[in-house]
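Source file model.txt; content: compact mmCIF, C-alpha atoms and all ligand atoms.
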# COMPACT_ATOMS: atom_id res chain seq x y z
CA MET S 18 11.21 16.99 13.27
CA PRO S 19 8.91 14.58 11.38
CA LEU S 20 6.36 16.18 9.03
CA VAL S 21 3.60 13.94 10.38
CA GLU S 22 3.33 12.90 13.99
CA VAL S 23 0.33 10.84 15.06
CA GLN S 24 -0.12 10.41 18.80
CA ALA S 25 -2.45 7.71 20.13
CA LEU S 26 -5.32 8.55 17.77
CA SER S 27 -8.59 6.74 18.40
CA LYS S 28 -11.99 6.94 16.77
CA THR S 29 -15.21 5.33 17.88
CA PHE S 30 -18.25 5.75 15.64
CA GLU S 31 -21.66 5.59 17.23
CA THR S 32 -24.33 4.25 14.94
CA LYS S 33 -27.90 3.12 15.37
CA GLU S 34 -29.08 -0.24 14.17
CA GLY S 35 -32.39 -2.01 13.96
CA ARG S 36 -35.90 -0.91 13.00
CA LEU S 37 -37.62 2.39 13.67
CA PHE S 38 -38.73 2.69 17.38
CA ASN S 39 -36.40 -0.18 18.14
CA ARG S 40 -33.03 1.36 17.40
CA VAL S 41 -30.03 0.05 19.30
CA ALA S 42 -26.98 2.25 19.70
CA LYS S 43 -23.87 0.47 18.53
CA LYS S 44 -20.26 1.53 18.91
CA VAL S 45 -17.63 0.73 16.30
CA THR S 46 -14.01 1.32 17.22
CA ALA S 47 -12.45 2.18 13.87
CA LEU S 48 -9.06 3.19 15.30
CA ASP S 49 -7.59 2.31 18.64
CA GLY S 50 -4.54 4.22 19.88
CA VAL S 51 -2.58 4.55 16.64
CA SER S 52 0.81 6.33 16.70
CA PHE S 53 3.43 6.84 14.01
CA THR S 54 5.61 9.48 12.39
CA ILE S 55 6.49 10.25 8.78
CA SER S 56 9.62 12.19 7.85
CA LYS S 57 10.41 14.38 4.87
CA GLY S 58 11.02 12.20 1.81
CA GLU S 59 9.48 9.13 3.41
CA ILE S 60 6.56 6.95 2.33
CA LEU S 61 4.69 5.19 5.11
CA GLY S 62 2.40 2.46 3.78
CA LEU S 63 -0.64 1.64 5.88
CA LEU S 64 -1.47 -1.94 4.87
CA GLY S 65 -4.58 -3.71 6.08
CA PRO S 66 -7.77 -5.48 5.00
CA ASN S 67 -11.13 -3.78 4.37
CA GLY S 68 -12.54 -2.27 7.53
CA ALA S 69 -9.14 -2.04 9.26
CA GLY S 70 -9.45 1.73 9.76
CA LYS S 71 -7.27 3.10 6.94
CA THR S 72 -9.76 5.58 5.50
CA THR S 73 -10.68 6.78 8.99
CA MET S 74 -6.97 7.51 9.62
CA ILE S 75 -6.72 9.58 6.41
CA LYS S 76 -9.99 11.43 7.14
CA MET S 77 -8.85 12.36 10.65
CA LEU S 78 -5.53 13.67 9.34
CA CYS S 79 -7.25 15.85 6.74
CA THR S 80 -9.73 17.06 9.42
CA LEU S 81 -12.86 15.56 7.81
CA VAL S 82 -13.43 13.30 10.83
CA GLN S 83 -13.01 14.41 14.45
CA PRO S 84 -10.91 12.04 16.60
CA SER S 85 -12.41 10.57 19.80
CA SER S 86 -9.04 10.93 21.52
CA GLY S 87 -5.38 11.56 20.75
CA ASP S 88 -3.92 14.18 18.43
CA ALA S 89 -1.80 14.45 15.30
CA TYR S 90 0.54 17.09 13.95
CA VAL S 91 0.97 17.96 10.28
CA ASN S 92 4.06 20.07 9.67
CA GLY S 93 3.83 21.01 13.35
CA PHE S 94 0.12 21.96 13.34
CA SER S 95 -2.36 20.11 15.54
CA ILE S 96 -5.42 18.64 13.80
CA MET S 97 -7.41 19.53 16.94
CA LYS S 98 -6.16 23.08 17.48
CA ALA S 99 -5.23 24.30 14.00
CA PRO S 100 -7.29 22.41 11.40
CA GLY S 101 -7.02 25.26 8.88
CA LYS S 102 -3.21 25.24 9.02
CA VAL S 103 -3.27 21.44 8.75
CA ARG S 104 -5.31 21.63 5.52
CA GLU S 105 -2.87 24.16 4.06
CA ASN S 106 -0.02 21.74 4.69
CA LEU S 107 -1.48 18.64 3.12
CA GLY S 108 -2.82 17.39 -0.16
CA VAL S 109 -5.24 14.47 -0.07
CA MET S 110 -6.66 11.96 -2.50
CA LEU S 111 -9.61 10.04 -1.11
CA THR S 112 -10.83 6.74 -2.54
CA GLY S 113 -13.06 6.83 -5.56
CA GLU S 114 -14.23 9.64 -7.74
CA ARG S 115 -16.71 11.40 -5.50
CA THR S 116 -14.65 14.50 -4.85
CA LEU S 117 -14.79 15.83 -8.43
CA TYR S 118 -17.50 17.85 -10.15
CA TRP S 119 -18.81 15.79 -13.04
CA LYS S 120 -20.46 18.76 -14.79
CA LEU S 121 -17.15 20.61 -15.03
CA THR S 122 -14.24 19.82 -17.31
CA GLY S 123 -11.00 18.42 -15.91
CA LYS S 124 -9.34 21.82 -16.11
CA GLU S 125 -12.32 23.63 -14.57
CA ASN S 126 -12.25 21.20 -11.65
CA LEU S 127 -8.64 22.08 -10.91
CA GLU S 128 -9.37 25.81 -11.34
CA TYR S 129 -12.26 25.53 -8.90
CA PHE S 130 -10.15 23.81 -6.25
CA ALA S 131 -7.24 26.22 -6.81
CA ALA S 132 -9.64 29.08 -6.05
CA LEU S 133 -10.75 27.27 -2.88
CA TYR S 134 -7.11 27.10 -1.82
CA HIS S 135 -6.82 30.86 -2.53
CA MET S 136 -4.07 30.25 -5.06
CA ASN S 137 -3.00 33.26 -7.08
CA ARG S 138 -4.51 33.07 -10.61
CA GLU S 139 -1.33 33.29 -12.64
CA GLU S 140 0.49 30.82 -10.46
CA SER S 141 -2.41 28.37 -10.46
CA ALA S 142 -2.79 28.51 -14.26
CA LYS S 143 0.83 27.41 -14.62
CA ARG S 144 0.47 24.74 -11.95
CA ILE S 145 -2.72 23.35 -13.55
CA GLU S 146 -1.10 23.11 -16.95
CA TYR S 147 1.89 21.29 -15.44
CA LEU S 148 -0.31 18.87 -13.47
CA LEU S 149 -2.63 18.03 -16.38
CA ASP S 150 0.45 17.16 -18.39
CA LEU S 151 1.95 15.16 -15.49
CA VAL S 152 -1.11 12.91 -15.15
CA GLY S 153 -1.52 12.51 -18.92
CA LEU S 154 -4.73 14.56 -19.26
CA LYS S 155 -3.43 17.51 -21.26
CA ASP S 156 -5.40 16.45 -24.35
CA ARG S 157 -8.56 15.85 -22.30
CA ALA S 158 -8.40 19.02 -20.19
CA ASP S 159 -11.58 20.43 -21.74
CA THR S 160 -13.63 17.22 -21.58
CA TYR S 161 -16.41 17.04 -18.98
CA VAL S 162 -15.45 14.77 -16.09
CA GLU S 163 -18.71 12.84 -16.59
CA ASN S 164 -17.20 11.65 -19.87
CA TYR S 165 -13.92 10.58 -18.26
CA SER S 166 -13.05 6.92 -17.68
CA THR S 167 -12.45 5.75 -14.09
CA GLY S 168 -8.71 5.87 -14.68
CA MET S 169 -8.89 9.45 -15.94
CA ARG S 170 -10.98 10.55 -12.94
CA ILE S 171 -8.54 9.00 -10.51
CA ARG S 172 -5.62 10.66 -12.29
CA LEU S 173 -7.44 14.00 -12.06
CA SER S 174 -8.05 13.44 -8.32
CA PHE S 175 -4.34 12.76 -8.03
CA ALA S 176 -3.54 16.08 -9.75
CA LYS S 177 -5.99 17.80 -7.39
CA ALA S 178 -4.05 16.46 -4.38
CA LEU S 179 -0.88 18.06 -5.79
CA LEU S 180 -2.42 21.46 -6.61
CA HIS S 181 -0.97 23.54 -3.80
CA ASP S 182 2.28 21.55 -3.59
CA ALA S 183 1.78 20.71 0.10
CA PRO S 184 4.65 19.11 2.05
CA VAL S 185 2.44 16.24 3.29
CA LEU S 186 0.47 14.02 0.90
CA LEU S 187 -2.22 11.49 1.82
CA PHE S 188 -3.32 8.87 -0.70
CA ASP S 189 -6.18 6.55 0.22
CA GLU S 190 -5.94 3.37 -1.91
CA PRO S 191 -4.73 5.38 -4.91
CA THR S 192 -4.78 2.48 -7.38
CA LEU S 193 -8.02 0.80 -6.26
CA GLY S 194 -9.89 -0.45 -9.30
CA LEU S 195 -7.39 1.05 -11.75
CA ASP S 196 -6.11 -0.55 -14.93
CA PRO S 197 -2.45 -1.71 -14.78
CA GLN S 198 -1.19 1.18 -16.91
CA SER S 199 -2.78 3.93 -14.79
CA SER S 200 -1.67 2.08 -11.62
CA ARG S 201 1.91 2.06 -12.82
CA LEU S 202 1.75 5.78 -13.70
CA ILE S 203 0.39 6.65 -10.24
CA ARG S 204 3.01 4.51 -8.47
CA GLU S 205 5.83 6.15 -10.44
CA MET S 206 4.48 9.61 -9.62
CA ILE S 207 4.31 8.73 -5.92
CA LEU S 208 7.95 7.64 -5.95
CA ASP S 209 8.87 10.92 -7.70
CA LEU S 210 7.05 12.90 -5.03
CA ARG S 211 9.04 11.13 -2.35
CA LYS S 212 12.24 12.13 -4.18
CA LYS S 213 11.03 15.73 -4.12
CA GLY S 214 10.89 15.51 -0.33
CA HIS S 215 7.19 15.12 0.42
CA ALA S 216 6.12 13.06 3.43
CA ILE S 217 3.60 10.55 2.11
CA LEU S 218 0.98 8.40 3.80
CA LEU S 219 -0.36 5.74 1.47
CA THR S 220 -3.06 3.27 2.40
CA THR S 221 -3.55 0.04 0.50
CA HIS S 222 -4.76 -3.50 0.83
CA TYR S 223 -2.43 -4.60 -1.99
CA MET S 224 0.64 -6.13 -0.40
CA GLU S 225 2.68 -5.73 -3.60
CA GLU S 226 1.95 -2.00 -3.65
CA ALA S 227 2.91 -1.55 0.02
CA ASP S 228 6.09 -3.55 -0.58
CA LEU S 229 7.04 -1.67 -3.74
CA LEU S 230 6.45 1.90 -2.57
CA SER S 231 6.91 2.07 1.19
CA ASP S 232 10.02 2.94 3.14
CA ARG S 233 8.18 1.57 6.15
CA VAL S 234 4.97 -0.42 6.30
CA ALA S 235 2.53 -0.21 9.20
CA ILE S 236 0.30 -3.28 9.23
CA ILE S 237 -3.12 -2.35 10.57
CA ASP S 238 -5.89 -4.71 11.68
CA HIS S 239 -9.07 -3.94 13.64
CA GLY S 240 -7.90 -0.35 14.21
CA LYS S 241 -4.51 -1.23 15.66
CA ILE S 242 -1.02 -1.17 14.20
CA ILE S 243 0.30 -4.67 14.79
CA ALA S 244 3.72 -4.29 13.15
CA MET S 245 5.71 -1.42 11.66
CA ALA S 246 9.09 -1.67 9.91
CA ALA S 247 10.78 -1.61 6.51
CA PRO S 248 9.13 -4.16 4.17
CA SER S 249 12.33 -6.22 3.99
CA ALA S 250 12.59 -6.36 7.80
CA LEU S 251 8.95 -7.44 8.12
CA LYS S 252 9.46 -10.20 5.58
CA GLN S 253 12.69 -11.27 7.22
CA SER S 254 10.86 -11.58 10.54
CA VAL S 255 8.68 -14.44 9.29
CA LYS S 256 11.48 -16.13 7.44
CA SER S 257 12.86 -19.01 9.43
CA SER S 258 14.35 -20.78 6.42
CA ASP S 259 14.58 -20.70 2.63
CA ILE S 260 12.65 -22.44 -0.09
CA ILE S 261 14.59 -23.06 -3.28
CA GLU S 262 13.01 -24.25 -6.50
CA ILE S 263 15.25 -25.84 -9.09
CA GLU S 264 13.96 -26.57 -12.58
CA ALA S 265 15.86 -29.45 -14.13
CA ARG S 266 16.11 -31.82 -17.04
CA ASN S 267 17.08 -35.49 -16.75
CA LEU S 268 15.70 -35.40 -13.24
CA GLN S 269 16.01 -38.66 -11.30
CA PRO S 270 13.85 -39.33 -8.21
CA GLU S 271 16.86 -40.73 -6.27
CA ILE S 272 18.47 -37.28 -6.12
CA VAL S 273 15.89 -36.22 -3.57
CA GLU S 274 17.05 -38.91 -1.12
CA ARG S 275 20.64 -37.77 -1.59
CA LEU S 276 19.74 -34.11 -0.93
CA LYS S 277 17.85 -35.04 2.24
CA THR S 278 21.11 -36.33 3.74
CA PHE S 279 22.61 -32.78 3.60
CA THR S 280 22.73 -31.40 7.15
CA ASP S 281 21.29 -27.98 6.22
CA ILE S 282 18.40 -29.35 4.16
CA TYR S 283 15.14 -30.03 6.03
CA ASP S 284 13.23 -31.51 3.15
CA ALA S 285 13.26 -31.99 -0.62
CA VAL S 286 10.66 -33.15 -3.13
CA ALA S 287 10.73 -33.70 -6.88
CA LEU S 288 7.70 -32.74 -8.96
CA PHE S 289 7.75 -34.09 -12.50
CA ASN S 290 6.18 -32.12 -15.36
CA ASP S 291 6.69 -34.86 -17.81
CA SER S 292 7.87 -38.24 -16.59
CA ALA S 293 8.93 -39.40 -20.04
CA ALA S 294 11.37 -36.53 -20.49
CA HIS S 295 12.36 -36.55 -16.79
CA SER S 296 11.94 -32.80 -16.50
CA GLY S 297 10.47 -31.10 -13.47
CA VAL S 298 11.10 -29.09 -10.35
CA ILE S 299 12.94 -29.96 -7.15
CA LYS S 300 11.66 -28.03 -4.14
CA ILE S 301 14.11 -27.75 -1.29
CA HIS S 302 13.47 -26.43 2.18
CA ALA S 303 16.79 -25.43 3.71
CA GLU S 304 18.47 -23.41 6.41
CA LYS S 305 20.56 -20.66 4.72
CA GLY S 306 19.73 -21.65 1.16
CA LYS S 307 22.42 -19.49 -0.44
CA GLU S 308 25.10 -21.39 1.48
CA VAL S 309 23.91 -24.88 0.57
CA LEU S 310 23.17 -24.05 -3.07
CA PRO S 311 26.72 -24.81 -4.40
CA GLY S 312 26.61 -28.26 -2.77
CA ILE S 313 23.17 -28.93 -4.24
CA LEU S 314 24.24 -27.91 -7.73
CA ASP S 315 27.36 -30.06 -7.43
CA ALA S 316 25.27 -33.12 -6.49
CA LEU S 317 23.00 -32.50 -9.50
CA VAL S 318 25.87 -32.06 -11.95
CA ARG S 319 27.51 -35.30 -10.74
CA ARG S 320 24.33 -37.15 -11.70
CA ASP S 321 24.15 -35.40 -15.05
CA ILE S 322 21.00 -33.52 -14.10
CA GLY S 323 20.68 -30.33 -16.18
CA VAL S 324 19.65 -27.26 -14.18
CA THR S 325 17.55 -24.78 -16.19
CA LYS S 326 16.48 -22.36 -13.46
CA VAL S 327 17.04 -21.67 -9.75
CA THR S 328 14.50 -19.58 -7.79
CA PHE S 329 14.50 -18.51 -4.15
CA ILE S 330 10.93 -18.23 -2.91
CA GLU S 331 10.73 -15.16 -0.66
CA PRO S 332 8.00 -14.54 1.91
CA THR S 333 5.57 -11.70 1.10
CA LEU S 334 3.87 -9.09 3.28
CA GLU S 335 0.77 -11.28 3.05
CA ASP S 336 2.77 -14.02 4.82
CA VAL S 337 3.63 -11.46 7.52
CA PHE S 338 -0.05 -10.59 7.91
CA ILE S 339 -1.03 -14.26 8.12
CA GLU S 340 1.68 -14.93 10.72
CA LEU S 341 0.41 -12.03 12.86
CA THR S 342 -3.36 -12.55 12.52
CA GLY S 343 -3.98 -16.07 11.29
CA ARG S 344 -5.99 -14.57 8.38
CA GLY S 345 -5.24 -13.43 4.83
CA LEU S 346 -5.51 -9.78 3.73
CA ARG S 347 -8.55 -10.50 1.59
CA ASP S 348 -10.57 -12.66 3.99
N1 LIG K 401 -19.05 7.17 9.33
C1 LIG K 401 -19.00 5.96 9.91
N2 LIG K 401 -19.97 5.56 10.74
C2 LIG K 401 -19.92 4.35 11.33
N3 LIG K 401 -18.93 3.46 11.16
C3 LIG K 401 -17.93 3.79 10.34
C4 LIG K 401 -17.90 5.06 9.66
N4 LIG K 401 -16.78 5.12 8.89
C5 LIG K 401 -16.14 3.96 9.10
N5 LIG K 401 -16.81 3.15 9.95
C6 LIG K 401 -16.41 1.82 10.41
O1 LIG K 401 -15.07 1.91 10.89
C7 LIG K 401 -14.33 0.77 10.52
C8 LIG K 401 -13.09 1.19 9.71
O2 LIG K 401 -13.51 1.70 8.46
P1 LIG K 401 -12.51 2.32 7.39
O3 LIG K 401 -11.67 3.33 8.06
O4 LIG K 401 -13.33 2.78 6.23
O5 LIG K 401 -11.63 1.06 7.00
P2 LIG K 401 -10.72 0.79 5.69
O6 LIG K 401 -10.54 2.08 4.98
O7 LIG K 401 -9.46 0.21 6.25
O8 LIG K 401 -11.45 -0.22 4.86
C9 LIG K 401 -15.26 -0.16 9.78
O9 LIG K 401 -15.78 -1.08 10.70
C10 LIG K 401 -16.33 0.80 9.29
O10 LIG K 401 -17.55 0.12 9.13
MG MG K 402 -10.85 2.55 2.99
What's the structure tokens form of this structure?
Ligand SMILES: Nc1ncnc2c1ncn2[C@@H]1O[C@H](COP(=O)(O)OP(=O)(O)O)[C@@H](O)[C@H]1O
Ligand SMILES: [Mg+2]
Amino acid sequence: MPLVEVQALSKTFETKEGRLFNRVAKKVTALDGVSFTISKGEILGLLGPNGAGKTTMIKMLCTLVQPSSGDAYVNGFSIMKAPGKVRENLGVMLTGERTLYWKLTGKENLEYFAALYHMNREESAKRIEYLLDLVGLKDRADTYVENYSTGMRIRLSFAKALLHDAPVLLFDEPTLGLDPQSSRLIREMILDLRKKGHAILLTTHYMEEADLLSDRVAIIDHGKIIAMAAPSALKQSVKSSDIIEIEARNLQPEIVERLKTFTDIYDAVALFNDSAAHSGVIKIHAEKGKEVLPGILDALVRRDIGVTKVTFIEPTLEDVFIELTGRGLRD
């Protein structure tokens, strides 16, 4: 049985727009019939641009937002029928730093939330010490959160999500606005938590992050999941051919014409860095690049062209998104 099972969840927000006495009711469909499952030890990455519905998904799962229709189960408990049980079975980290108390120290924050979760004092003291060490805040445990940097606050929020060691973990854009070092620490910790068997839902609009961490990626746009598969399978689906870049010395323009006669090569161009030294890059667009590569290298060697580097250009999850929507992730 999967630890998370989302069944056709939808959410429509009703808002009012316009001036006083002239308000117009407006409906925004944030999520539209979303379904997925997450198993023990699996990371599902929800990848989509701003406004796609990612935060709404997380907030419905942690029972902060009531769905308009559909249901979801967390460790077997319905978010509609057993919200209390759902909260016991998940740890959540929302975006930003709003969920901490700035007038308390880092350690006091964790103690406060441990009490809210009705954790036994002795047990929670041990857990808090372990978590402060894990997120690199042991030395700053007694500093007021108002004096923390953004990175420190996000790491403390991360520790807060792990307090009661829940089987299901939800992370909403966990590295948003973080410095590279804190981002790396958080990503490593997320991978460790997967190894420990947690089921993890991670939202992000960073394609590299989704690619790096997810076992499966669900691409979400305008409240709908438009593709869901392992990152490699998604990338493979947009890959009709290979692009190979070859850096070379003693590069002669004629080689390009020779390469174009190969049956498996669609196109080739030479880009010179430095025409005097004849060094540059040959870009080759080919069917099954790995199979034609030996023939290409042979043709270069015969003309005394020195190869310094060969790179296969792989499609990214951004390319998948563009293929599906005609837009980039950041548009
Ligand atoms: N409380 C709310 N009231 C009205 N509209 C909302 C509310 N929360 C989110 N929305 C709208 O729902 C859509 C999805 O938002 P959100 O889930 O925050 O997307 P994401 O996290 O992917 O950026 C957006 O159009 C947003 O404006
Ligand atoms: Mg969001």
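Proximity of S:Arg211, S:His295, S:Lys28, S:Lys326 to Glu264 of chain S, computed with all atoms listed in the file, is greatest for S:Lys326.
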What are the nearest atom pairs, with distances in Å to one decimal, for all residues of segment 212-259 of chain S that come at most 10 Å from segment 177-198 of chain S, using all atoms listed in the file, set out by chain and rising residue number as JSON lines?
{"residue": "S:Lys213", "atom": "CA", "partner": "S:Pro184", "partner_atom": "CA", "distance": 9.5}
{"residue": "S:Gly214", "atom": "CA", "partner": "S:Pro184", "partner_atom": "CA", "distance": 7.6}
{"residue": "S:His215", "atom": "CA", "partner": "S:Pro184", "partner_atom": "CA", "distance": 5.0}
{"residue": "S:Ala216", "atom": "CA", "partner": "S:Val185", "partner_atom": "CA", "distance": 4.9}
{"residue": "S:Ile217", "atom": "CA", "partner": "S:Leu186", "partner_atom": "CA", "distance": 4.8}
{"residue": "S:Leu218", "atom": "CA", "partner": "S:Leu187", "partner_atom": "CA", "distance": 4.9}
{"residue": "S:Leu219", "atom": "CA", "partner": "S:Phe188", "partner_atom": "CA", "distance": 4.8}
{"residue": "S:Thr220", "atom": "CA", "partner": "S:Asp189", "partner_atom": "CA", "distance": 5.0}
{"residue": "S:Thr221", "atom": "CA", "partner": "S:Glu190", "partner_atom": "CA", "distance": 4.8}
{"residue": "S:His222", "atom": "CA", "partner": "S:Glu190", "partner_atom": "CA", "distance": 7.5}
{"residue": "S:Tyr223", "atom": "CA", "partner": "S:Glu190", "partner_atom": "CA", "distance": 8.7}
{"residue": "S:Glu226", "atom": "CA", "partner": "S:Thr192", "partner_atom": "CA", "distance": 8.9}
Enumerate as a list of chain:residue names the residues within 6 Å of ligand LIG 401 (chain K), counting all atoms listed in the file.
S:Phe30, S:Thr32, S:Val45, S:Ala47, S:Asn67, S:Gly68, S:Ala69, S:Gly70, S:Lys71, S:Thr72, S:Thr73
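Going from atom CA of Val327 of chain S over to atom CA of Ser257 of chain S, you cover 19.8 Å.
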Selection near Val337 of chain S, 12 Å with all atoms listed in the file, sequence-local residues under 5 positions removed, as a ChimeraX atom specification:
/S:64-65,224,228,234-237,243-246,248-256,331-332,342-346
So how many Å separate atom CA of Gln24 of chain S and atom CA of Gly87 of chain S, to one decimal?
5.7 Å
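Distances here use all atoms listed in the file; by that measure, the residue among S:Thr325, S:Arg266, S:Gly153, S:Leu111 closest to ligand MG 402 (chain K) is S:Leu111.
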For Arg172 of chain S: contacts at 9 Å, only C-alpha atoms, fewer than 2 positions along chain excluded, given as a PyMOL selection string:
chain S and resi 149+152-154+167-170+174-177+199+202-203
Give the answer as one residue: which of S:Asn92, S:Asn39, S:Asn290, S:Thr122 has the shortest atom-to-atom distance to Arg157 of chain S, using all atoms listed in the file?
S:Thr122
Kindly provide, as AutoDock Vina command-line options, the centre and edge lengths (Å, one decimal) of an axis-aligned box around all atoms of segment 120-135 of chain S given in the file, with 8 Å on each side.
--center_x -13.6 --center_y 24.6 --center_z -9.6 --size_x 29.6 --size_y 28.4 --size_z 31.5
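Nearest residue to Leu48 of chain S, choosing from S:Leu117, S:Val82, S:Leu61, S:Met18 and counting only C-alpha atoms: S:Val82.
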Would you mind listing what lies within 9 Å of Gly101 of chain S as a list in words, with only C-alpha atoms counted and same-chain residues fewer than 5 positions away left out?
Thr80, Ile96 and Asn106 of chain S
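Rounded to one decimal, atom CA of Leu127 of chain S and atom CA of Leu210 of chain S lie 19.1 Å from each other.
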List the residues sitting within 12 Å of (12.4, -36.5, 3.2) in the file's frame, using all atoms listed in the file, as a ChimeraX atom specification.
/S:270-279,282-287,300-303
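The smallest atom-to-atom distance between Thr280 of chain S and any of S:Val309, S:Leu133, S:Leu148, S:Ile260, using only C-alpha atoms, is found for S:Val309.
Take the candidates S:Leu20, S:Ile299, S:Ala247, S:Leu288 and check each one against Phe94 of chain S using all atoms listed in the file; the shortest distance goes to S:Leu20.
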Report as an MDAnalysis selection string all protein, DNA and RNA residues lying within 7 Å of Ser56 of chain S, evaluated on all atoms listed in the file, omitting residues in the same chain fewer than 2 positions from it.
chainID S and resid 19:21 54 58:59 216
